[in-house]
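Printed here is data-v1.cif (mmCIF, C-alpha atoms):
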data_my_file
loop_
_atom_site.label_atom_id
_atom_site.label_comp_id
_atom_site.auth_asym_id
_atom_site.auth_seq_id
_atom_site.Cartn_x
_atom_site.Cartn_y
_atom_site.Cartn_z
CA MET A 21 11.33 -9.79 8.17
CA ILE A 22 12.13 -6.69 6.19
CA SER A 23 15.77 -5.70 6.56
CA THR A 24 16.75 -2.15 7.43
CA LYS A 25 20.31 -2.83 6.24
CA GLN A 26 21.57 -1.42 2.98
CA HIS A 27 22.97 -3.80 0.35
CA ILE A 28 25.09 -1.86 -2.03
CA ASP A 29 27.88 -3.26 -4.21
CA LYS A 30 31.18 -1.58 -3.33
CA GLU A 31 32.11 -0.52 -6.83
CA LEU A 32 28.78 1.29 -7.25
CA ILE A 33 29.13 3.47 -4.16
CA PRO A 34 31.34 6.19 -5.73
CA ILE A 35 28.93 6.50 -8.65
CA LEU A 36 25.84 6.77 -6.45
CA GLU A 37 27.55 9.26 -4.15
CA LYS A 38 27.77 11.63 -7.11
CA VAL A 39 23.96 11.70 -7.46
CA SER A 40 22.44 14.46 -5.37
CA ASP A 41 19.00 15.25 -4.05
CA PRO A 42 17.52 17.72 -6.58
CA GLU A 43 15.89 19.75 -3.78
CA ILE A 44 19.07 19.83 -1.66
CA PRO A 45 21.96 19.75 -4.16
CA VAL A 46 24.67 19.56 -1.45
CA LEU A 47 23.32 16.27 -0.20
CA SER A 48 24.13 13.03 -1.97
CA ILE A 49 21.37 10.45 -2.13
CA MET A 50 23.72 8.10 -0.28
CA ASP A 51 24.03 10.50 2.66
CA MET A 52 20.26 10.96 2.53
CA GLY A 53 19.81 7.22 3.02
CA VAL A 54 17.28 6.78 0.24
CA VAL A 55 19.28 4.12 -1.62
CA ARG A 56 18.43 0.80 0.04
CA SER A 57 20.13 -1.58 -2.34
CA ALA A 58 22.16 -1.56 -5.52
CA LYS A 59 23.40 -4.80 -7.00
CA LEU A 60 24.85 -5.90 -10.27
CA ILE A 61 22.76 -8.84 -11.41
CA LYS A 62 23.45 -10.38 -14.82
CA GLY A 63 24.84 -7.16 -16.26
CA VAL A 64 22.03 -4.96 -14.96
CA VAL A 65 22.26 -2.83 -11.83
CA GLU A 66 19.11 -3.19 -9.79
CA VAL A 67 18.62 -0.21 -7.51
CA SER A 68 15.96 0.15 -4.83
CA ILE A 69 15.19 3.61 -3.52
CA THR A 70 12.71 4.63 -0.85
CA PRO A 71 10.90 7.99 -0.66
CA THR A 72 11.44 10.39 2.23
CA TYR A 73 7.76 11.34 1.99
CA THR A 74 5.22 9.47 -0.14
CA GLY A 75 4.45 12.59 -2.16
CA CYS A 76 8.07 13.60 -2.62
CA PRO A 77 8.25 14.88 -6.22
CA ALA A 78 12.03 14.43 -6.21
CA MET A 79 11.79 10.64 -6.41
CA ASP A 80 11.15 10.50 -10.15
CA VAL A 81 14.09 12.82 -10.79
CA ILE A 82 16.34 10.83 -8.46
CA GLY A 83 15.42 7.66 -10.34
CA ASP A 84 16.31 9.27 -13.66
CA ASP A 85 19.55 10.70 -12.28
CA ILE A 86 20.63 7.29 -10.98
CA THR A 87 19.96 5.68 -14.35
CA GLN A 88 21.92 8.44 -16.07
CA ALA A 89 24.88 8.28 -13.69
CA LEU A 90 25.16 4.52 -14.03
CA LYS A 91 24.83 4.74 -17.79
CA GLU A 92 27.79 7.12 -17.91
CA HIS A 93 29.83 4.37 -16.25
CA GLY A 94 28.60 1.78 -18.70
CA TYR A 95 25.96 0.16 -16.53
CA GLU A 96 22.41 -0.53 -17.48
CA ALA A 97 20.13 0.22 -14.53
CA LYS A 98 16.70 -0.69 -13.29
CA VAL A 99 15.37 1.53 -10.49
CA LYS A 100 12.60 0.35 -8.22
CA LEU A 101 10.70 2.36 -5.61
CA ILE A 102 10.09 0.51 -2.35
CA LEU A 103 8.02 1.61 0.66
CA ALA A 104 9.13 -0.87 3.31
CA PRO A 105 10.94 -0.37 5.54
CA ALA A 106 9.82 3.25 5.73
CA TRP A 107 12.53 5.88 5.50
CA THR A 108 13.53 7.62 8.71
CA THR A 109 15.69 10.68 9.34
CA ASP A 110 18.02 8.35 11.28
CA TRP A 111 19.30 7.17 7.91
CA ILE A 112 20.80 10.56 7.12
CA THR A 113 24.55 10.10 7.66
CA GLU A 114 26.71 12.28 9.89
CA ARG A 115 28.26 13.77 6.74
CA GLY A 116 24.74 14.41 5.45
CA ARG A 117 23.72 16.21 8.63
CA LYS A 118 26.77 18.44 8.36
CA ALA A 119 26.03 19.22 4.73
CA LEU A 120 22.46 20.18 5.64
CA GLN A 121 23.64 22.50 8.41
CA GLU A 122 26.14 24.21 6.12
CA TYR A 123 23.53 24.56 3.40
CA GLY A 124 21.19 26.39 5.79
CA ILE A 125 18.88 23.59 6.85
CA ALA A 126 18.99 22.62 10.52
CA PRO A 127 19.28 18.81 10.74
CA PRO A 128 16.57 16.81 12.57
CA LEU A 129 16.62 16.54 16.37
CA ASN A 130 15.63 13.37 18.21
CA PRO A 131 11.85 12.67 18.29
CA ASP A 132 11.15 14.13 21.75
CA ALA A 133 13.13 17.28 21.14
CA ASP A 134 11.56 17.55 17.69
CA LYS A 135 8.09 17.54 19.17
CA GLU A 136 9.00 20.18 21.75
CA ALA A 137 10.49 22.36 19.04
CA LEU A 138 7.52 22.00 16.71
CA LEU A 139 5.00 22.65 19.45
CA GLY A 140 6.91 25.79 20.40
CA GLU A 141 7.59 24.50 23.92
CA LYS A 142 11.36 24.84 23.83
CA ARG A 143 13.86 26.91 21.91
CA ILE A 144 16.37 24.26 20.90
CA VAL A 145 16.76 24.33 17.12
CA LYS A 146 20.12 25.84 16.27
CA CYS A 147 20.08 28.73 13.80
CA THR A 148 22.04 27.78 10.70
CA ASN A 149 23.23 31.34 10.27
CA CYS A 150 24.54 32.37 13.72
CA GLY A 151 24.28 29.20 15.80
CA SER A 152 21.94 30.67 18.41
CA THR A 153 19.15 28.51 19.82
CA ASN A 154 17.01 31.58 20.43
CA THR A 155 14.82 30.47 17.53
CA LYS A 156 11.12 29.97 17.04
CA LEU A 157 8.79 28.07 14.77
CA VAL A 158 7.13 30.13 12.07
CA SER A 159 5.33 27.30 10.30
CA GLN A 160 5.16 23.53 10.81
CA PHE A 161 5.33 23.16 7.05
CA GLY A 162 8.03 24.69 4.88
CA SER A 163 9.17 24.86 1.27
CA THR A 164 9.14 21.06 0.92
CA ALA A 165 7.25 18.30 2.73
CA CYS A 166 10.27 17.39 4.86
CA LYS A 167 10.92 20.82 6.33
CA ALA A 168 9.48 23.28 8.84
CA LEU A 169 10.16 27.01 8.79
CA PHE A 170 12.01 28.65 11.70
CA LYS A 171 13.22 32.14 12.49
CA CYS A 172 16.17 33.22 14.62
CA ASP A 173 15.37 35.92 17.17
CA ASP A 174 19.03 36.87 17.50
CA CYS A 175 20.17 37.39 13.91
CA GLN A 176 16.59 37.65 12.60
CA GLU A 177 17.27 35.24 9.73
CA PRO A 178 14.64 32.69 8.69
CA PHE A 179 15.83 29.14 8.06
CA ASP A 180 14.55 25.64 7.36
CA TYR A 181 14.49 22.80 9.85
CA PHE A 182 14.47 19.20 8.63
CA LYS A 183 11.63 17.54 10.55
CA CYS A 184 12.34 14.32 12.41
CA LEU A 185 10.66 11.32 10.82
CA LYS A 186 10.83 8.12 12.79
CA MET B 3 -9.43 -10.15 -10.25
CA LYS B 4 -9.74 -9.88 -6.47
CA THR B 5 -12.75 -7.56 -6.59
CA ASN B 6 -13.11 -7.08 -2.86
CA LEU B 7 -9.47 -6.24 -2.39
CA TYR B 8 -9.60 -3.81 -5.32
CA ASN B 9 -12.65 -2.07 -3.89
CA TYR B 10 -11.12 -1.89 -0.45
CA ILE B 11 -7.94 -0.27 -1.79
CA LEU B 12 -10.09 2.31 -3.58
CA GLU B 13 -11.95 2.98 -0.35
CA LEU B 14 -8.63 3.85 1.29
CA GLY B 15 -7.14 5.69 -1.67
CA ASP B 16 -10.18 7.74 -2.64
CA ASN B 17 -10.33 9.38 0.78
CA CYS B 18 -6.74 10.53 0.36
CA LEU B 19 -7.26 11.65 -3.23
CA ILE B 20 -10.38 13.72 -2.60
CA ALA B 21 -9.18 15.20 0.70
CA GLY B 22 -5.92 16.09 -1.07
CA GLN B 23 -7.70 17.66 -4.04
CA ARG B 24 -9.77 19.87 -1.74
CA LEU B 25 -6.68 21.11 0.07
CA GLY B 26 -4.88 21.56 -3.23
CA GLU B 27 -7.56 24.05 -4.27
CA LEU B 28 -6.08 26.38 -1.67
CA CYS B 29 -2.76 26.58 -3.51
CA GLY B 30 -2.20 30.33 -3.83
CA HIS B 31 -5.50 31.03 -2.05
CA GLY B 32 -4.70 30.18 1.57
CA PRO B 33 -5.49 32.82 4.20
CA SER B 34 -1.79 33.39 4.85
CA LEU B 35 1.42 32.20 3.26
CA GLU B 36 2.17 29.72 6.05
CA THR B 37 -1.29 28.15 6.07
CA ASP B 38 -1.32 28.06 2.29
CA ILE B 39 1.97 26.14 2.28
CA ALA B 40 0.80 23.86 5.08
CA CYS B 41 -2.45 22.94 3.32
CA THR B 42 -0.70 22.20 0.06
CA ASN B 43 2.04 20.22 1.83
CA ILE B 44 -0.61 18.06 3.46
CA SER B 45 -2.28 17.78 0.07
CA LEU B 46 1.00 16.56 -1.41
CA ASP B 47 1.38 13.92 1.31
CA LEU B 48 -2.15 12.71 0.63
CA PHE B 49 -1.50 12.52 -3.12
CA GLY B 50 1.66 10.55 -2.43
CA GLN B 51 -0.33 8.08 -0.38
CA THR B 52 -2.99 7.97 -3.08
CA ARG B 53 -0.36 7.04 -5.66
CA SER B 54 0.82 4.14 -3.51
CA TYR B 55 -2.75 2.86 -3.12
CA PHE B 56 -3.62 3.30 -6.78
CA GLN B 57 -0.41 1.67 -8.04
CA TYR B 58 -1.36 -1.32 -5.94
CA ALA B 59 -4.99 -1.18 -7.14
CA ALA B 60 -3.76 -1.09 -10.74
CA ASP B 61 -1.69 -4.25 -10.10
CA VAL B 62 -4.67 -6.01 -8.58
CA LYS B 63 -6.96 -4.95 -11.41
CA GLY B 64 -4.60 -5.78 -14.25
CA ASP B 65 -6.22 -5.12 -17.61
CA ASN B 66 -3.81 -2.24 -18.43
CA ALA B 67 -5.08 -0.19 -15.51
CA THR B 68 -2.66 2.47 -14.23
CA GLU B 69 -2.64 4.79 -11.24
CA ASP B 70 -3.70 7.56 -13.63
CA SER B 71 -6.60 5.70 -15.19
CA ILE B 72 -7.90 4.93 -11.72
CA ALA B 73 -7.56 8.53 -10.59
CA PHE B 74 -8.83 10.29 -13.69
CA LEU B 75 -11.10 7.99 -15.64
CA ARG B 76 -13.75 6.82 -13.21
CA TYR B 77 -17.23 8.27 -12.92
CA GLU B 78 -18.63 9.90 -9.82
CA GLN B 79 -20.52 6.81 -8.62
CA GLN B 80 -17.32 4.78 -8.80
CA TYR B 81 -15.56 6.87 -6.15
CA LYS B 82 -15.72 5.39 -2.68
CA ASN B 83 -14.57 8.29 -0.55
CA VAL B 84 -16.63 9.35 2.47
CA LEU B 85 -18.87 12.39 2.08
CA LEU B 86 -16.85 14.32 4.66
CA VAL B 87 -13.74 14.79 2.52
CA GLU B 88 -15.59 16.08 -0.56
CA GLN B 89 -17.21 18.99 1.29
CA PRO B 90 -16.05 22.31 -0.20
CA ASN B 91 -13.73 24.93 1.33
CA ARG B 92 -16.31 27.44 2.54
CA ASP B 93 -13.93 29.34 4.83
CA PHE B 94 -10.70 28.46 6.64
CA ALA B 95 -12.55 27.24 9.75
CA TYR B 96 -14.50 24.87 7.55
CA THR B 97 -11.38 23.58 5.79
CA VAL B 98 -9.58 22.99 9.08
CA ALA B 99 -12.60 21.34 10.73
CA ARG B 100 -13.08 19.00 7.78
CA GLN B 101 -9.40 18.12 7.81
CA TYR B 102 -9.28 17.53 11.55
CA LEU B 103 -12.38 15.32 11.57
CA PHE B 104 -10.74 13.27 8.82
CA ASP B 105 -7.18 13.29 10.23
CA VAL B 106 -8.19 11.78 13.57
CA PHE B 107 -9.95 8.93 11.81
CA HIS B 108 -7.15 8.54 9.28
CA LEU B 109 -4.48 8.12 11.98
CA LEU B 110 -6.57 5.63 13.98
CA LEU B 111 -7.16 3.61 10.82
CA LEU B 112 -3.49 3.59 9.79
CA GLU B 113 -2.36 2.57 13.26
CA LYS B 114 -4.35 -0.62 12.74
CA LEU B 115 -3.70 -1.02 9.04
CA GLN B 116 0.06 -1.20 9.66
CA PHE B 117 -0.57 -4.67 11.09
CA SER B 118 -2.59 -5.81 8.07
CA GLN B 119 -1.71 -9.25 6.71
CA ASP B 120 -1.51 -7.63 3.29
CA MET B 121 2.15 -6.60 3.05
CA THR B 122 1.56 -3.73 0.61
CA LEU B 123 -1.22 -2.15 2.66
CA SER B 124 0.89 -2.58 5.77
CA ALA B 125 3.87 -0.85 4.13
CA ILE B 126 1.74 2.06 2.89
CA ALA B 127 0.22 2.44 6.36
CA LYS B 128 3.58 2.42 8.13
CA LYS B 129 4.88 5.07 5.77
CA SER B 130 1.73 7.21 5.98
CA ILE B 131 1.49 7.23 9.78
CA LYS B 132 4.58 9.40 9.98
CA GLU B 133 3.00 11.97 7.68
CA VAL B 134 -0.50 11.90 9.11
CA SER B 135 0.84 12.48 12.64
CA TYR B 136 1.92 15.90 11.41
CA HIS B 137 -1.43 16.52 9.70
CA VAL B 138 -3.49 15.93 12.82
CA ARG B 139 -1.16 18.13 14.85
CA PHE B 140 -1.62 20.97 12.37
CA SER B 141 -5.40 20.73 12.06
CA GLY B 142 -5.85 20.15 15.80
CA ASP B 143 -3.77 23.24 16.63
CA TRP B 144 -5.96 25.36 14.39
CA ILE B 145 -9.17 24.02 15.89
CA LYS B 146 -7.86 25.18 19.28
CA ARG B 147 -6.61 28.48 17.98
CA LEU B 148 -9.84 29.39 16.23
CA GLY B 149 -12.22 27.80 18.73
CA ASP B 150 -10.52 29.49 21.68
CA GLY B 151 -9.75 32.66 19.71
CA THR B 152 -11.92 35.71 19.07
CA ASP B 153 -15.72 35.72 19.21
CA GLU B 154 -15.85 35.66 15.43
CA SER B 155 -13.36 32.80 14.99
CA HIS B 156 -15.16 30.81 17.70
CA GLU B 157 -18.50 31.32 15.99
CA LYS B 158 -17.14 30.27 12.60
CA MET B 159 -15.41 27.20 13.98
CA GLN B 160 -18.50 26.14 15.90
CA ALA B 161 -20.63 26.57 12.77
CA ALA B 162 -18.19 24.43 10.77
CA ILE B 163 -18.17 21.66 13.38
CA ASN B 164 -21.96 21.70 13.63
CA ASP B 165 -22.28 21.45 9.89
CA LEU B 166 -19.68 18.73 9.32
CA TRP B 167 -20.64 16.59 12.31
CA THR B 168 -23.38 14.90 10.30
CA TYR B 169 -20.71 13.33 8.05
CA THR B 170 -18.61 11.78 10.82
CA ASN B 171 -20.55 8.60 11.44
CA GLU B 172 -20.03 7.35 7.89
CA LEU B 173 -16.33 6.93 8.64
CA PHE B 174 -17.16 3.84 10.70
CA GLU B 175 -19.45 2.15 8.21
CA VAL B 176 -18.15 -1.27 7.16
CA THR B 177 -18.58 -1.98 3.46
CA GLU B 178 -19.17 -5.41 1.93
CA ALA B 179 -15.66 -5.36 0.49
CA ALA B 180 -14.12 -4.61 3.88
CA LYS B 181 -16.31 -7.16 5.62
CA SER B 182 -15.05 -9.96 3.40
CA LEU B 183 -11.42 -9.09 4.20
CA ILE B 184 -11.59 -8.50 7.95
CA ASP B 185 -11.42 -12.15 8.97
CA ASP B 186 -8.22 -12.66 7.00
CA GLY B 187 -6.67 -9.71 8.77
CA ILE B 188 -6.38 -7.72 5.55
CA ALA B 189 -8.98 -5.00 6.11
CA ILE B 190 -9.71 -3.06 9.30
CA ASP B 191 -13.11 -3.16 10.96
CA ALA B 192 -13.78 0.59 10.92
CA ALA B 193 -16.58 0.22 13.46
CA THR B 194 -14.01 -0.60 16.15
CA LEU B 195 -12.46 2.85 15.76
CA LYS B 196 -15.63 4.73 16.57
CA GLU B 197 -15.35 4.96 20.33
CA SER B 198 -11.79 6.25 20.49
CA TYR B 199 -12.55 8.63 17.59
CA TYR B 200 -15.37 10.42 19.37
CA GLU B 201 -13.37 10.42 22.61
CA LYS B 202 -10.38 12.08 20.96
CA VAL B 203 -12.44 14.58 19.00
CA SER B 204 -14.64 15.50 21.97
CA ALA B 205 -11.62 16.10 24.21
CA LEU B 206 -10.08 18.47 21.71
CA LEU B 207 -13.33 20.33 21.03
CA GLU B 208 -13.72 20.87 24.77
CA GLU B 209 -10.19 22.17 25.03
CA ALA B 210 -11.01 24.54 22.18
CA THR B 211 -14.07 25.78 24.16
CA LEU B 212 -16.36 24.41 21.47
CA THR B 213 -19.65 22.62 22.02
CA ILE B 214 -19.92 19.01 20.91
CA PRO B 215 -22.92 18.77 18.58
CA GLU B 216 -25.80 16.68 19.84
CA SER B 217 -27.13 15.77 16.42
CA LYS B 218 -28.07 12.13 16.12
CA TYR B 219 -28.82 12.22 12.41
CA PHE B 220 -25.96 11.23 10.15
CA GLN B 221 -25.46 11.33 6.39
CA LYS B 222 -23.89 8.43 4.56
CA GLY B 223 -23.55 7.06 1.04
CA GLY B 224 -20.08 8.01 -0.11
CA LYS B 225 -18.60 4.57 0.45
CA SER B 226 -21.24 3.08 -1.85
CA GLY B 227 -20.84 5.79 -4.49
CA VAL B 228 -23.82 7.98 -3.59
CA HIS B 229 -22.22 11.39 -3.18
CA THR B 230 -23.23 14.95 -2.35
CA GLU B 231 -23.53 17.34 -5.29
CA HIS B 232 -20.06 18.73 -4.49
CA LEU B 233 -18.09 15.73 -5.77
CA GLY B 234 -19.23 16.14 -9.37
CA TYR B 235 -17.82 19.66 -9.54
CA LEU B 236 -14.59 18.56 -7.93
CA LEU B 237 -14.15 15.72 -10.44
CA ALA B 238 -15.02 17.96 -13.38
CA ASP B 239 -12.15 20.21 -12.35
CA MET B 240 -9.76 17.35 -11.58
CA GLN B 241 -10.50 15.23 -14.65
CA TYR B 242 -10.86 18.00 -17.21
CA MET B 243 -7.49 17.55 -18.90
CA GLN B 244 -7.74 13.77 -19.31
CA ARG B 245 -11.31 14.01 -20.57
CA ALA B 246 -10.62 16.84 -23.01
CA TYR B 247 -7.28 15.46 -24.23
CA PRO B 248 -7.33 11.70 -23.62
CA ASN B 249 -3.92 10.16 -22.81
CA MET B 250 -2.18 13.52 -22.71
CA THR B 251 1.00 13.58 -20.64
CA TRP B 252 3.33 16.34 -19.44
#
Would you mind writing the structure in this file as structure tokens?
Amino acid sequence: MISTKQHIDKELIPILEKVSDPEIPVLSIMDMGVVRSAKLIKGVVEVSITPTYTGCPAMDVIGDDITQALKEHGYEAKVKLILAPAWTTDWITERGRKALQEYGIAPPLNPDADKEALLGEKRIVKCTNCGSTNTKLVSQFGSTACKALFKCDDCQEPFDYFKCLK
Amino acid sequence: MKTNLYNYILELGDNCLIAGQRLGELCGHGPSLETDIACTNISLDLFGQTRSYFQYAADVKGDNATEDSIAFLRYEQQYKNVLLVEQPNRDFAYTVARQYLFDVFHLLLLEKLQFSQDMTLSAIAKKSIKEVSYHVRFSGDWIKRLGDGTDESHEKMQAAINDLWTYTNELFEVTEAAKSLIDDGIAIDAATLKESYYEKVSALLEEATLTIPESKYFQKGGKSGVHTEHLGYLLADMQYMQRAYPNMTW
């Protein structure tokens, strides 16, 4: 059985929380849920990260950033990319969701609501600028693989929506 | 080396690579900004999946193989993708039709592959399903929009479907490599996907007011390395840098 639990050594958490997603600088990789394990084994920190999307170009950079951050604290690191269990938007923490919203990216809805929003059946995605739900889908695909493009019909601002992945 | 397993991984990965390369050609050339971004996003997903397959293939092959050597240093006859995905982007209707006819198959395949006894293939499938669900929604929406759109868009979409239909049957061909791995629960018997594939596709074409082609003649050969003339040009473009400047990196 593949565990969906994270195994991260306590003393490493503050260091890893300082590493951010290069595409969404306000979001730490810990709040993003991409770090699945980090353990100090015989003087080397072994870190496992999982991609949000298989083609996510940020993964290489995240790997390098983790190595660098740990090095600054005197740790040698080995970063491994794992695919199972597959990342889901449920792993974004509450703090992460708030950071997304403040940054201008509407956080993911639950799967049913997500489908209704992306099929244009219901206006439920909250505008990150004015808070109105009078918003509509402009494109199912946005500036990165994980986002869709929305527009607010009240304040007329375009904004990103983080698609639900479950 | 486990030759059959290696060949089966390539069969899976090459479809993603070549379909992704075709969509990638639209980068900066899509009919509108949104469709351009969508096509290249789907392309990126497919390349990501390709990398997972090829990293695994490189492990199985050993012999200093890497994901890059597998992608860039094989010859045309060594690619095992189906003929469908290598067909060129004639117009947007054609691109969307090709993608839809592949996406439906791709999702059906992955839904089975996630239960493969091979843990790596199962993990790649589970991860990919989430992405491909979005792909088929996008391409399916456009089939409906163009099929049930103006007279001109209907005509173009119907022409694309008629033309590409001949490549659909090859999707369900079972190769020797796959055959040897089905009993162990590693590979999927593609033939078992055929019925639900044509059911799904036919239902959507009807909804899009399109006529389901009656053609009974089907092209095949891609899975055994016999490709249409289009693949050579695609590879020439894709492999140019590695061939001209061997081992170059960014």
Find the distance between CA of Asp61 (chain B) and CA of Ser68 (chain A) and write it in Å to one decimal.
18.9 Å
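If all atoms listed in the file are the atoms counted, then among A:Cys150, A:Val67, A:Leu120, A:Leu103 the closest residue to Ala127 (chain B) is A:Leu103.
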Chain A contacts on chain B, only C-alpha atoms, 12 Å, as an mmCIF file with C-alpha atoms, keeping the file's coordinate frame:
data_model
loop_
_atom_site.group_PDB
_atom_site.id
_atom_site.type_symbol
_atom_site.label_atom_id
_atom_site.label_comp_id
_atom_site.auth_asym_id
_atom_site.auth_seq_id
_atom_site.Cartn_x
_atom_site.Cartn_y
_atom_site.Cartn_z
ATOM 1 C CA CYS B 18 -6.740 10.530 0.360
ATOM 2 C CA LEU B 19 -7.260 11.650 -3.230
ATOM 3 C CA GLY B 22 -5.920 16.090 -1.070
ATOM 4 C CA SER B 34 -1.790 33.390 4.850
ATOM 5 C CA LEU B 35 1.420 32.200 3.260
ATOM 6 C CA GLU B 36 2.170 29.720 6.050
ATOM 7 C CA THR B 37 -1.290 28.150 6.070
ATOM 8 C CA ASP B 38 -1.320 28.060 2.290
ATOM 9 C CA ILE B 39 1.970 26.140 2.280
ATOM 10 C CA ALA B 40 0.800 23.860 5.080
ATOM 11 C CA CYS B 41 -2.450 22.940 3.320
ATOM 12 C CA THR B 42 -0.700 22.200 0.060
ATOM 13 C CA ASN B 43 2.040 20.220 1.830
ATOM 14 C CA ILE B 44 -0.610 18.060 3.460
ATOM 15 C CA SER B 45 -2.280 17.780 0.070
ATOM 16 C CA LEU B 46 1.000 16.560 -1.410
ATOM 17 C CA ASP B 47 1.380 13.920 1.310
ATOM 18 C CA LEU B 48 -2.150 12.710 0.630
ATOM 19 C CA PHE B 49 -1.500 12.520 -3.120
ATOM 20 C CA GLY B 50 1.660 10.550 -2.430
ATOM 21 C CA GLN B 51 -0.330 8.080 -0.380
ATOM 22 C CA THR B 52 -2.990 7.970 -3.080
ATOM 23 C CA ARG B 53 -0.360 7.040 -5.660
ATOM 24 C CA SER B 54 0.820 4.140 -3.510
ATOM 25 C CA TYR B 55 -2.750 2.860 -3.120
ATOM 26 C CA GLN B 57 -0.410 1.670 -8.040
ATOM 27 C CA TYR B 58 -1.360 -1.320 -5.940
ATOM 28 C CA GLN B 116 0.060 -1.200 9.660
ATOM 29 C CA MET B 121 2.150 -6.600 3.050
ATOM 30 C CA THR B 122 1.560 -3.730 0.610
ATOM 31 C CA LEU B 123 -1.220 -2.150 2.660
ATOM 32 C CA SER B 124 0.890 -2.580 5.770
ATOM 33 C CA ALA B 125 3.870 -0.850 4.130
ATOM 34 C CA ILE B 126 1.740 2.060 2.890
ATOM 35 C CA ALA B 127 0.220 2.440 6.360
ATOM 36 C CA LYS B 128 3.580 2.420 8.130
ATOM 37 C CA LYS B 129 4.880 5.070 5.770
ATOM 38 C CA SER B 130 1.730 7.210 5.980
ATOM 39 C CA ILE B 131 1.490 7.230 9.780
ATOM 40 C CA LYS B 132 4.580 9.400 9.980
ATOM 41 C CA GLU B 133 3.000 11.970 7.680
ATOM 42 C CA VAL B 134 -0.500 11.900 9.110
ATOM 43 C CA SER B 135 0.840 12.480 12.640
ATOM 44 C CA TYR B 136 1.920 15.900 11.410
ATOM 45 C CA HIS B 137 -1.430 16.520 9.700
ATOM 46 C CA VAL B 138 -3.490 15.930 12.820
ATOM 47 C CA ARG B 139 -1.160 18.130 14.850
ATOM 48 C CA PHE B 140 -1.620 20.970 12.370
ATOM 49 C CA SER B 141 -5.400 20.730 12.060
ATOM 50 C CA GLY B 142 -5.850 20.150 15.800
ATOM 51 C CA ASP B 143 -3.770 23.240 16.630
ATOM 52 C CA TRP B 144 -5.960 25.360 14.390
#
Which residue gives the smallest distance to Tyr169 (chain B) among B:Met3, B:Leu75, B:Leu86, B:Cys29, with only C-alpha atoms counted?
B:Leu86
Counting all atoms listed in the file, the option among A:Glu136, A:Met52, A:Gly116, A:Asp41 closest to Val81 (chain A)
A:Asp41
